[in-house]
Amino acid sequence: MDNSRTMEIAVGAFVAAGLAAAFVLAMQVSNITAFQRAEGYTVDAYFQNVGGLRERAPVSLSGVQIGRVSAIDLDPDRFEARVELTIRSQYDDLPSDTAARVRTSGLLGEQYVSLQPGGMPDSLGPGDEITLTQSALVLEEIVGQFLYEQSGGDGQ
């Protein structure tokens, strides 16, 4: 009887450890910030349209993730979307004329911010602003413009 009780406790502990590991893995995959380190410095970028960009979306350079979108809000003075990017500390030498663009991975995939480094010798620092930005391409606007041109909507 004592041996069977020990076996039950061991199996229960094993199952509990497996469930805990699965939970931690699920939190890592789902981009929950509490389970990820958000070390680095922040810079701001202003866009006329961010499309479906979300907080915690990747920030990439040459296809390599170097940070995350940490906040998105509307600037009341500019009437543009202010996107706060948290860049990992090891990438603290990005040129000050780096450009930012909202892109989509795949045809209808997740949106992310892609950075294109410039050639200036000085670097972006904490609190700096990326001035060269390109907004998201909105599929509805492209289709609407195409249909308008096809219908002869240019007034002729």
# chains A, B, ... in the order shown; residues from 1 in each chain; ligands from 1
>>> closest_atom_pairs(of="region 98-152 of chain A", to="region 43-62 of chain A", cutoff="12 Å", atoms="only C-alpha atoms", output="CSV")
residue,atom,partner,partner_atom,distance
A:Thr98,CA,A:Leu61,CA,10.2
A:Ala99,CA,A:Ala45,CA,9.1
A:Ala100,CA,A:Ala45,CA,7.3
A:Arg101,CA,A:Phe47,CA,8.7
A:Val102,CA,A:Val50,CA,6.6
A:Arg103,CA,A:Leu53,CA,8.9
A:Thr104,CA,A:Leu53,CA,9.0
A:Ser105,CA,A:Pro58,CA,10.5
A:Leu108,CA,A:Gly52,CA,10.6
A:Gly109,CA,A:Gly52,CA,10.0
A:Glu110,CA,A:Leu53,CA,7.8
A:Gln111,CA,A:Leu53,CA,5.3
A:Tyr112,CA,A:Pro58,CA,5.2
A:Val113,CA,A:Val59,CA,4.8
A:Ser114,CA,A:Ser60,CA,4.9
A:Leu115,CA,A:Leu61,CA,5.0
A:Gln116,CA,A:Leu61,CA,6.5
A:Pro117,CA,A:Leu61,CA,8.0
A:Gly118,CA,A:Leu61,CA,11.8
A:Ser123,CA,A:Val43,CA,11.5
A:Leu124,CA,A:Val43,CA,7.8
A:Gly125,CA,A:Val43,CA,7.3
A:Pro126,CA,A:Val43,CA,5.9
A:Gly127,CA,A:Val43,CA,5.0
A:Asp128,CA,A:Val43,CA,5.1
A:Glu129,CA,A:Asp44,CA,4.7
A:Ile130,CA,A:Ala45,CA,4.9
A:Thr131,CA,A:Ala45,CA,6.6
A:Leu132,CA,A:Ala45,CA,8.2
A:Thr133,CA,A:Phe47,CA,6.4
A:Gln134,CA,A:Phe47,CA,6.7
A:Ser135,CA,A:Asn49,CA,5.2
A:Ala136,CA,A:Val50,CA,5.3
A:Leu137,CA,A:Gly51,CA,7.3
A:Val138,CA,A:Gly51,CA,6.4
A:Leu139,CA,A:Gly51,CA,9.5
A:Glu140,CA,A:Gly51,CA,10.7
A:Glu141,CA,A:Gly51,CA,11.1
>>> atom_distance(atom1="CA of Val64 (chain A)", atom2="CA of Pro95 (chain A)")
16.8 Å
>>> atom_distance(atom1="CA of Gly144 (chain A)", atom2="CA of Gly106 (chain A)")
21.1 Å
>>> closest_residue(among="A:Glu39, A:Glu8, A:Glu149, A:Asp77", to="Ser89 (chain A)", atoms="only C-alpha atoms")
A:Glu39
